[in-house]
Amino acid sequence: MKLSRLEYARPASVAEAIELLQGTEGAKIIAGGQSLIPVLAFRLAAPPLLVDIGKLDDLRGTETTPAGTRLGARVRWCEIERDAALRRAQPLLAAMTDHVAHYQVRNRGTVGGSLAHADPAAEMPGVAVACEAIMHVAGPAGSRDVRSEDFFEGPLQTVLAEDELLVGLTLPPWPPGRRWAFEEFALRRGDFALAGVAVHYGRDAEGRMHDVRVGAIGAGETPLRLRAVEAELEGRKIGETLISSAAKLAAASVDPMNDLHADAEYRRALVATLFERAMLRAEHRQEEGENGPAVHP
Amino acid sequence: MALQFTLNGKTVEFGGEARTTLADCLRHHLGQTGTHVGCEHGVCGACTVIVDGEAVRSCLMLAVQAEGSQVTTVEGLSEGEDLSPLQAAFRKHHALQCGFCTPGILTTAHALLTHEPDADEERIRHVLSGNICRCTGYLPIIEAILDARAAYADGRRGKPA
Amino acid sequence: MKVLATAPSNEAPAIGQAIGRVEDLRLLRGKGRYIDDISLPGQLHAAIFRSSLPHGVIRSLDTEAARKLPGVHAVITAADLGRTVPTIPVRLFPLPEYQPFLQPVIAHDKVRYVGEPIAMVVAESPAVAEDALELIRADIDMLAPVVSLEDSRRDQSLLVETSGSNKGHYFEIGKGDVDAAFATAPYTRRERMYVHRHTGVTMELRGSLAEWDAERGHMTVWGASKVPFANRRILAGMLELQEESVDMIEGDAGGSYGVKGEFFPEDFLVPFAARLLGRPVKWSEDRREHLLAISHARDIEADLEIACGNDGRVLGIRGEIWANIGAYMRTSVVIAPRNSGQFISGPYKVENVGIHVAMQLSNKSPCGTYRGPGRYEADFFRERLFHLAAKDLGIDMVEFRRRNLVPESEMPYPMPGTAPQNNPTALDSGAYELVMDRCLSDAGWNEKLKLQGKLIDGRYHGVAATCFIEGGAAGPRESSRIVIERDGRASVYVGSSGVGQGAETILGQIAADALDVPYDQVQLFLGSTTYVKEGWGSYHSRSTVMGGSAILLTAEEIKRKLRAAAAMRFNCAPEEVEVSRGRLIASDGRSLAFADVSDQGITAEETFANHRHTYAYGTHVAHVAVDPGTGHVAVVDYVTVEDAGRIINPLTLHGQSIGAIVQGLGGTLLEHLVYDENGQMLSASFADYLMPLATDYPNIRSTAIGLRPSPFNPLGAKGAGEGGTIPVGGVIANAVANALSSLGVEPLELPLTPPRVWRMIQAAKRKPREG
């Protein structure tokens, strides 16, 4: 299982990377390579040139400001794992990260790589959509921002042009007191989710939900935002009946695929189950110490 | 393409094709066959090596991407014929049978305990879920790594048991 | 039970000590020698062009572009073989009737499974060889694929047209008068059950390195394992060489579990290419090829009926079994189908059995043996039937088994017979009920029963207990040779193969005691055909019993020669010389070291012959929790007790048990080689063939005891290592049934993956409950 013959380049700047992409038809960006190299090993793709962005330090680092949290495309899962401040600033991102792949992959795999690979069952695209993140894209004509919901076009397909590069994303600021949960079910730890659900919402003094956001992965051709479910919950008090009716709505609003591991009917039911569990987890989460799982140094 | 990196403390050179993975470079160009290749698509963990202090899958990295890095393989975990405390714990707990996955598990555990010498059983299991072992059922591996923690806590990690 | 290694002690006896393995010292330092670690100067690299279609007629093959690619030395197809394409013989229990269904070493007229070799590229590097594969074009007329057993039985599309049927052959399994037993039985129940296709999947991939010495007319092949002598015989025949002109060299093996080391097409193609090209040729399998082309296993369906008395005594089992054996009858093909019928009675007293076992061909990868072949399937079928019968009859599940276990007083207890090839065998020894009670006690059975069927924190809990036998020590023979070296140490050569099970350590312990020398005075050499005249290898849990017994015989002969040599020096009779702890002691107290007489050329080679099998046995208790929302089955607790007869090394035995259990759990809950209806294999990567991870089954408590030695071999040992796998499907399915008893779920098909369990729950909820 050897890779096809290829050329390799390691540009020193984003501009140079884009030039390289422009110069060779079919050239691909490589960052951590954790999704790309398996594709190349199976010879499902044979790009003539790999453009390694591993030396582009502009694409590293995270910054949280009142405007939100900006993550460079090269931020790795292990960095999110270790960054206590980031985990406090973006608890849903933190919770999601704990489901991503395995230790060794998390040491090289990047946020940008996951988003650009656009697997509909991957966690990061799901959280990006559920959080209404903005994607920052660089291309020959300069930079542009793309809403996460518009970024994903289909399984392993994004709006990125052949000569464009995802340089980072911004997650909106996380208001204090917000309730949230990320629930997924995979056949084994670290596998792609058969389905997953992210929820987050604010709650007023009377216990009514507002600004509800619900996302689902493994439940369609792209990560989904379940707007009908959000509308069902908006402005209402959480309760068993509401969760149950919203769960049915969640199942009805997804369009899962059949594959080797699970059929669409199962995945659809799983979305309902995971949604219910996510709502219960969000609701019962203690006000204090709600910053997600432990930080690993 | 000619590049250099440090392998188990020694500078090495590689001049092969860009498509060569780090795993194949180590095994077939540099003759260090202790690193094993079990799937070549980033699932089994047998090829795990330590690059700049972090455990990575060497089948999911091009050799050229290791340029200038410090790479440690299973051959670099001990000196001479002596077993390191981690390796000795594996023998004591019978944490290997056919031994094929073992180099990747040792490098993973070594990186983990170097960063987190107090890793608890759950953490060790989670980390080890990236390495497939077909023989042992994992129980003795977890026990061996738990047992080896003391050596990392008191700084003996690389030294013979 | 936790077992820790002891430092290699030179105290006698070595047998019974948990000696840390000698293999570990090299394997832990990255100094093992696996096949892909070995290279020869000037070697070329092979890659195999495999069929992407399951069934078709090869019209033409265009290899021109591949041959022209720089770095390519040859593209070998059937046409290059220059004569009739050899077929791979059936190694175990062959019959002339199997001939039409044997696999050619390279496809020439038809392709019959996805992954079947059609051509082999030999090039400067593995990458270039793979580049060339992309340039080969095969024009194949697709035929209707035969995928399921239903397709196979329908006989509309035939794998071998001249045979008129997809039924390769059959076994009749029989004992007593089954129809008479059923005619008068007060209770009967019939069920259709299925065990899905999954297999061993070793972490080390297959590989081969062959070197042809044209001057000497000699072939050397590295990468042999499991059965090097049998493979040498096969290869020599195909290459038209004398057996002595072929050496098969065994290195470290990264697992076998029965699947690796059989004779595969590549085991001919690589040496053939080396001879053709006059250069060493190396082939290293990749993981996709492995999943497509290693021996597959299981994939067996049963339609069985059980008859019981009202007291729960089993009166008989009858019915039909169909094994989907894949596209060809390969080396060990008959074992699993036969065992799936013959072992239907397991450790229980069943006096009447009548089962017809059909070996059905299909356009899937050919099957072979995998840990507990046929026995895993038989245990699932039997224990599901027992579960249903006990429930119907209102008898407690443990009591039901207690009433049917074979009592010690009736041993040796004959198993059902098999025809057309008889495989007579009998349960050798055991205190079955005692071991069951020990396991129930270890498990805290009575406490667990309180959770039976309960919904706790959203999960249904269920427990079950089942009993099993293993089966080991297959004949016919095994050989060993011992040489006393100049320094007095003993070099022990054995025909058994090391496949990762610790054979060097275990057989060393046997040799140390047999020679009465300290453990560090023996060194083991396994498997290679250069070591002994004839060897048989490692399968059917045989290496310890058969190899060990051969060592006992050889050691006796060595000691006889040592005594004689010492007697010459002492000027006394050999009978007056005693062998003790590596020294030869005369009756007057004078003594010599082995080294002192080694110049006499002390060497011996002996063969142990045996046709009687050993039966390790035991009980497994499973406690599961089923999540009805996801269908996930969590293994909350898994407790086993197994009696392996005389224990040579408790450390390695315990390791075998745990490892085998986890493989069984993987096979029951996760692993599945899935084919779609077009015959394409969908599980050809590790993202799709899901084996257990460290996080999956942390709660296993396993104890091996040495209670009843086998009376059938001088060691008293029993083959162990497969037993952990055998009962898992049955006991987990029964525990799931008990967990979901309020819903009336009865699993009759594996694997119990979350979607399948969830679907069963949904179906049960829709169905109106019966009484």
# chains A, B, ... in the order shown; residues from 1 in each chain; ligands from 1
call {"tool": "select_by_dssp", "arguments": {"residues": "range 12-143 of chain B", "states": "helix (DSSP H, G or I)", "output": "ChimeraX atom specification"}}
result
/B:22-29,58-60,63-66,74-76,85-92,102-115,121-128,139-143
call {"tool": "closest_atom_pairs", "arguments": {"of": "chain A", "to": "chain B", "cutoff": "12 Å", "atoms": "only C-alpha atoms", "output": "CSV"}}
result
residue,atom,partner,partner_atom,distance
A:Met1,CA,B:Glu40,CA,6.7
A:Lys2,CA,B:Thr20,CA,7.9
A:Leu3,CA,B:Arg19,CA,5.8
A:Ser4,CA,B:Arg19,CA,6.9
A:Arg5,CA,B:Arg19,CA,6.0
A:Leu6,CA,B:Arg19,CA,5.9
A:Glu7,CA,B:Ala18,CA,6.2
A:Tyr8,CA,B:Ala18,CA,6.2
A:Ala9,CA,B:Ala18,CA,9.5
A:Arg10,CA,B:Gln65,CA,9.1
A:Ile30,CA,B:Met61,CA,10.1
A:Ala31,CA,B:Gln65,CA,9.9
A:Gly32,CA,B:Met61,CA,7.9
A:Gly33,CA,B:Leu60,CA,6.3
A:Gln34,CA,B:Leu60,CA,5.9
A:Ser35,CA,B:Leu60,CA,8.6
A:Leu36,CA,B:Leu60,CA,8.5
A:Ile37,CA,B:Leu60,CA,5.7
A:Pro38,CA,B:His41,CA,4.5
A:Val39,CA,B:His41,CA,8.0
A:Leu40,CA,B:His41,CA,9.0
A:Ala41,CA,B:His41,CA,6.5
A:Phe42,CA,B:His41,CA,7.9
A:Arg43,CA,B:His41,CA,11.1
A:Ala46,CA,B:Arg19,CA,10.6
A:Pro47,CA,B:Arg19,CA,10.9
A:Pro48,CA,B:Arg19,CA,10.4
A:Leu49,CA,B:Ala18,CA,9.8
A:Leu50,CA,B:Ala18,CA,9.4
A:Val51,CA,B:Gln65,CA,11.2
A:Asp52,CA,B:Gln65,CA,8.3
A:Ile53,CA,B:Gln65,CA,10.4
A:Gly54,CA,B:Gln65,CA,8.1
A:Lys55,CA,B:Gln65,CA,10.0
A:Cys78,CA,B:Glu54,CA,9.9
A:Glu79,CA,B:Glu54,CA,11.8
A:Arg82,CA,B:His115,CA,11.4
A:Asp98,CA,B:His126,CA,10.0
A:His99,CA,B:His126,CA,10.4
A:Val100,CA,B:Gly130,CA,11.2
A:Ala101,CA,B:Gly130,CA,7.9
A:His102,CA,B:Gly130,CA,5.0
A:Tyr103,CA,B:Val127,CA,5.3
A:Gln104,CA,B:Val56,CA,4.5
A:Val105,CA,B:Val56,CA,6.5
A:Arg106,CA,B:Val56,CA,8.5
A:Asn107,CA,B:Val56,CA,6.4
A:Arg108,CA,B:Val56,CA,7.0
A:Gly109,CA,B:Val56,CA,9.8
A:Arg188,CA,B:Ser129,CA,8.8
A:Arg189,CA,B:Ser129,CA,7.0
A:Gly190,CA,B:Ser129,CA,7.6
A:Asp191,CA,B:Val43,CA,9.6
A:Phe192,CA,B:Val43,CA,11.9
A:Pro293,CA,B:Arg123,CA,11.7
A:Ala294,CA,B:Arg123,CA,10.4
A:Val295,CA,B:Arg123,CA,11.3
A:His296,CA,B:Glu116,CA,8.1
A:Pro297,CA,B:Glu116,CA,7.1
call {"tool": "atom_distance", "arguments": {"atom1": "CA of Asp80 in chain C", "atom2": "CA of His290 in chain C"}}
result
25.1 Å
call {"tool": "residues_around", "arguments": {"residues": "Phe152 in chain A", "least_positions_apart": "5", "cutoff": "7 Å", "atoms": "only C-alpha atoms", "output": "PyMOL selection string"}}
result
chain A and resi 118+157-159+222
call {"tool": "residues_around", "arguments": {"residues": "range 438-444 of chain C", "least_positions_apart": "2", "cutoff": "8 Å", "atoms": "only C-alpha atoms", "output": "PyMOL selection string"}}
result
chain C and resi 434-436+446-448+465+619-621+638-641
call {"tool": "write_last_selection", "arguments": {"atoms": "N, CA, C and O atoms", "output": "CSV table (one decimal), in the first residue's frame"}}
result
chain,number,residue,atom,x,y,z
C,434,LEU,N,-17.3,-29.7,38.7
C,434,LEU,CA,-16.5,-29.0,39.7
C,434,LEU,C,-16.0,-27.7,39.2
C,434,LEU,O,-16.0,-26.6,39.9
C,435,VAL,N,-15.5,-27.7,37.9
C,435,VAL,CA,-15.0,-26.5,37.3
C,435,VAL,C,-16.1,-25.4,37.1
C,435,VAL,O,-15.9,-24.2,37.3
C,436,MET,N,-17.2,-25.9,36.7
C,436,MET,CA,-18.4,-25.0,36.5
C,436,MET,C,-18.7,-24.3,37.8
C,436,MET,O,-18.9,-23.1,37.9
C,446,ASN,N,-24.7,-15.9,42.3
C,446,ASN,CA,-26.0,-15.7,43.0
C,446,ASN,C,-26.3,-14.2,43.1
C,446,ASN,O,-27.4,-13.7,43.0
C,447,GLU,N,-25.2,-13.4,43.3
C,447,GLU,CA,-25.4,-11.9,43.4
C,447,GLU,C,-25.8,-11.4,42.0
C,447,GLU,O,-26.7,-10.6,41.9
C,448,LYS,N,-25.1,-11.9,41.0
C,448,LYS,CA,-25.4,-11.5,39.6
C,448,LYS,C,-26.8,-11.8,39.2
C,448,LYS,O,-27.4,-11.0,38.5
C,465,ALA,N,-24.2,-18.4,31.8
C,465,ALA,CA,-23.0,-19.3,32.0
C,465,ALA,C,-23.1,-20.5,31.0
C,465,ALA,O,-24.2,-21.0,30.8
C,619,THR,N,-15.7,-23.3,32.0
C,619,THR,CA,-17.0,-22.6,32.0
C,619,THR,C,-16.7,-21.1,31.9
C,619,THR,O,-15.7,-20.6,32.4
C,620,HIS,N,-17.6,-20.4,31.1
C,620,HIS,CA,-17.5,-19.0,31.0
C,620,HIS,C,-18.8,-18.4,31.6
C,620,HIS,O,-19.9,-18.9,31.3
C,621,VAL,N,-18.7,-17.3,32.3
C,621,VAL,CA,-19.8,-16.5,32.8
C,621,VAL,C,-19.7,-15.1,32.2
C,621,VAL,O,-18.7,-14.5,32.3
C,638,TYR,N,-16.7,-10.6,32.9
C,638,TYR,CA,-16.6,-11.8,32.2
C,638,TYR,C,-15.6,-12.7,33.0
C,638,TYR,O,-14.4,-12.3,33.2
C,639,VAL,N,-16.1,-13.8,33.4
C,639,VAL,CA,-15.3,-14.7,34.3
C,639,VAL,C,-15.2,-16.1,33.8
C,639,VAL,O,-16.2,-16.7,33.3
C,640,THR,N,-14.0,-16.6,33.8
C,640,THR,CA,-13.8,-17.9,33.2
C,640,THR,C,-12.9,-18.8,34.1
C,640,THR,O,-12.0,-18.2,34.8
C,641,VAL,N,-13.2,-20.1,34.1
C,641,VAL,CA,-12.2,-21.0,34.7
C,641,VAL,C,-12.1,-22.1,33.7
C,641,VAL,O,-13.0,-22.6,33.1
call {"tool": "interface_residues", "arguments": {"of": "chain C", "to": "chain B", "cutoff": "6 Å", "atoms": "only C-alpha atoms", "output": "MDAnalysis selection string"}}
result
chainID C and resid 4:5 27 29:30 37 203 254:255 287 500:501 658:659 662 693:695
call {"tool": "write_last_selection", "arguments": {"atoms": "N, CA, C and O atoms", "output": "PDB file, in the first residue's frame"}}
result
ATOM      1  N   LEU C   4       2.172 -13.145  37.400  1.00  0.00           N
ATOM      2  CA  LEU C   4       3.347 -12.345  37.073  1.00  0.00           C
ATOM      3  C   LEU C   4       4.525 -13.260  36.774  1.00  0.00           C
ATOM      4  O   LEU C   4       4.639 -14.349  37.331  1.00  0.00           O
ATOM      5  N   ALA C   5       5.393 -12.763  35.918  1.00  0.00           N
ATOM      6  CA  ALA C   5       6.550 -13.567  35.535  1.00  0.00           C
ATOM      7  C   ALA C   5       7.539 -13.642  36.686  1.00  0.00           C
ATOM      8  O   ALA C   5       7.777 -12.673  37.388  1.00  0.00           O
ATOM      9  N   LEU C  27      12.141  -9.250  21.451  1.00  0.00           N
ATOM     10  CA  LEU C  27      10.960  -8.582  20.901  1.00  0.00           C
ATOM     11  C   LEU C  27      10.736  -7.210  21.539  1.00  0.00           C
ATOM     12  O   LEU C  27      10.273  -6.279  20.884  1.00  0.00           O
ATOM     13  N   ARG C  29      12.970  -5.117  22.479  1.00  0.00           N
ATOM     14  CA  ARG C  29      13.992  -4.147  22.077  1.00  0.00           C
ATOM     15  C   ARG C  29      13.970  -3.875  20.576  1.00  0.00           C
ATOM     16  O   ARG C  29      14.896  -3.286  20.027  1.00  0.00           O
ATOM     17  N   GLY C  30      12.934  -4.363  19.916  1.00  0.00           N
ATOM     18  CA  GLY C  30      12.861  -4.142  18.474  1.00  0.00           C
ATOM     19  C   GLY C  30      13.839  -4.997  17.706  1.00  0.00           C
ATOM     20  O   GLY C  30      14.228  -4.666  16.582  1.00  0.00           O
ATOM     21  N   ASP C  37      11.342  -7.921   7.979  1.00  0.00           N
ATOM     22  CA  ASP C  37      12.606  -7.360   8.488  1.00  0.00           C
ATOM     23  C   ASP C  37      13.814  -7.939   7.753  1.00  0.00           C
ATOM     24  O   ASP C  37      14.936  -7.459   7.914  1.00  0.00           O
ATOM     25  N   MET C 203      -1.581  -9.303  13.316  1.00  0.00           N
ATOM     26  CA  MET C 203      -1.040  -7.944  13.200  1.00  0.00           C
ATOM     27  C   MET C 203       0.130  -7.914  12.217  1.00  0.00           C
ATOM     28  O   MET C 203       0.311  -6.941  11.491  1.00  0.00           O
ATOM     29  N   GLY C 254       4.328 -12.876  13.718  1.00  0.00           N
ATOM     30  CA  GLY C 254       3.446 -11.916  14.384  1.00  0.00           C
ATOM     31  C   GLY C 254       2.026 -12.405  14.469  1.00  0.00           C
ATOM     32  O   GLY C 254       1.103 -11.772  13.962  1.00  0.00           O
ATOM     33  N   GLY C 255       1.854 -13.567  15.098  1.00  0.00           N
ATOM     34  CA  GLY C 255       0.521 -14.131  15.277  1.00  0.00           C
ATOM     35  C   GLY C 255       0.186 -15.141  14.199  1.00  0.00           C
ATOM     36  O   GLY C 255       0.754 -15.127  13.106  1.00  0.00           O
ATOM     37  N   ARG C 287      -2.375  -4.522   4.138  1.00  0.00           N
ATOM     38  CA  ARG C 287      -3.527  -4.851   4.980  1.00  0.00           C
ATOM     39  C   ARG C 287      -4.789  -5.089   4.169  1.00  0.00           C
ATOM     40  O   ARG C 287      -5.612  -5.937   4.518  1.00  0.00           O
ATOM     41  N   GLY C 500       4.182 -16.977  18.108  1.00  0.00           N
ATOM     42  CA  GLY C 500       3.904 -15.888  19.032  1.00  0.00           C
ATOM     43  C   GLY C 500       3.338 -16.366  20.349  1.00  0.00           C
ATOM     44  O   GLY C 500       3.009 -15.580  21.220  1.00  0.00           O
ATOM     45  N   GLN C 501       3.237 -17.691  20.498  1.00  0.00           N
ATOM     46  CA  GLN C 501       2.592 -18.233  21.698  1.00  0.00           C
ATOM     47  C   GLN C 501       3.587 -18.508  22.811  1.00  0.00           C
ATOM     48  O   GLN C 501       3.217 -18.988  23.868  1.00  0.00           O
ATOM     49  N   ILE C 658      -6.768 -14.957  28.204  1.00  0.00           N
ATOM     50  CA  ILE C 658      -7.299 -13.597  28.093  1.00  0.00           C
ATOM     51  C   ILE C 658      -7.353 -13.167  26.626  1.00  0.00           C
ATOM     52  O   ILE C 658      -8.352 -12.627  26.154  1.00  0.00           O
ATOM     53  N   GLY C 659      -6.269 -13.425  25.926  1.00  0.00           N
ATOM     54  CA  GLY C 659      -6.220 -13.023  24.522  1.00  0.00           C
ATOM     55  C   GLY C 659      -7.298 -13.711  23.707  1.00  0.00           C
ATOM     56  O   GLY C 659      -7.935 -13.093  22.844  1.00  0.00           O
ATOM     57  N   VAL C 662     -10.753 -12.176  24.394  1.00  0.00           N
ATOM     58  CA  VAL C 662     -10.979 -10.886  23.733  1.00  0.00           C
ATOM     59  C   VAL C 662     -11.174 -11.083  22.230  1.00  0.00           C
ATOM     60  O   VAL C 662     -12.001 -10.407  21.613  1.00  0.00           O
ATOM     61  N   LEU C 693     -10.370  -2.866  20.862  1.00  0.00           N
ATOM     62  CA  LEU C 693      -9.360  -1.917  21.310  1.00  0.00           C
ATOM     63  C   LEU C 693      -9.214  -2.025  22.833  1.00  0.00           C
ATOM     64  O   LEU C 693     -10.026  -2.684  23.500  1.00  0.00           O
ATOM     65  N   ALA C 694      -8.221  -1.323  23.355  1.00  0.00           N
ATOM     66  CA  ALA C 694      -7.947  -1.397  24.799  1.00  0.00           C
ATOM     67  C   ALA C 694      -9.128  -0.921  25.637  1.00  0.00           C
ATOM     68  O   ALA C 694      -9.257  -1.278  26.804  1.00  0.00           O
ATOM     69  N   THR C 695      -9.975  -0.110  25.029  1.00  0.00           N
ATOM     70  CA  THR C 695     -11.098   0.450  25.770  1.00  0.00           C
ATOM     71  C   THR C 695     -12.344  -0.437  25.741  1.00  0.00           C
ATOM     72  O   THR C 695     -13.314  -0.153  26.428  1.00  0.00           O
TER      73      THR C 695
END
call {"tool": "residues_around", "arguments": {"residues": "Glu67 in chain B", "least_positions_apart": "5", "cutoff": "10 Å", "atoms": "only C-alpha atoms", "output": "MDAnalysis selection string"}}
result
chainID B and resid 2:6 13:14 62
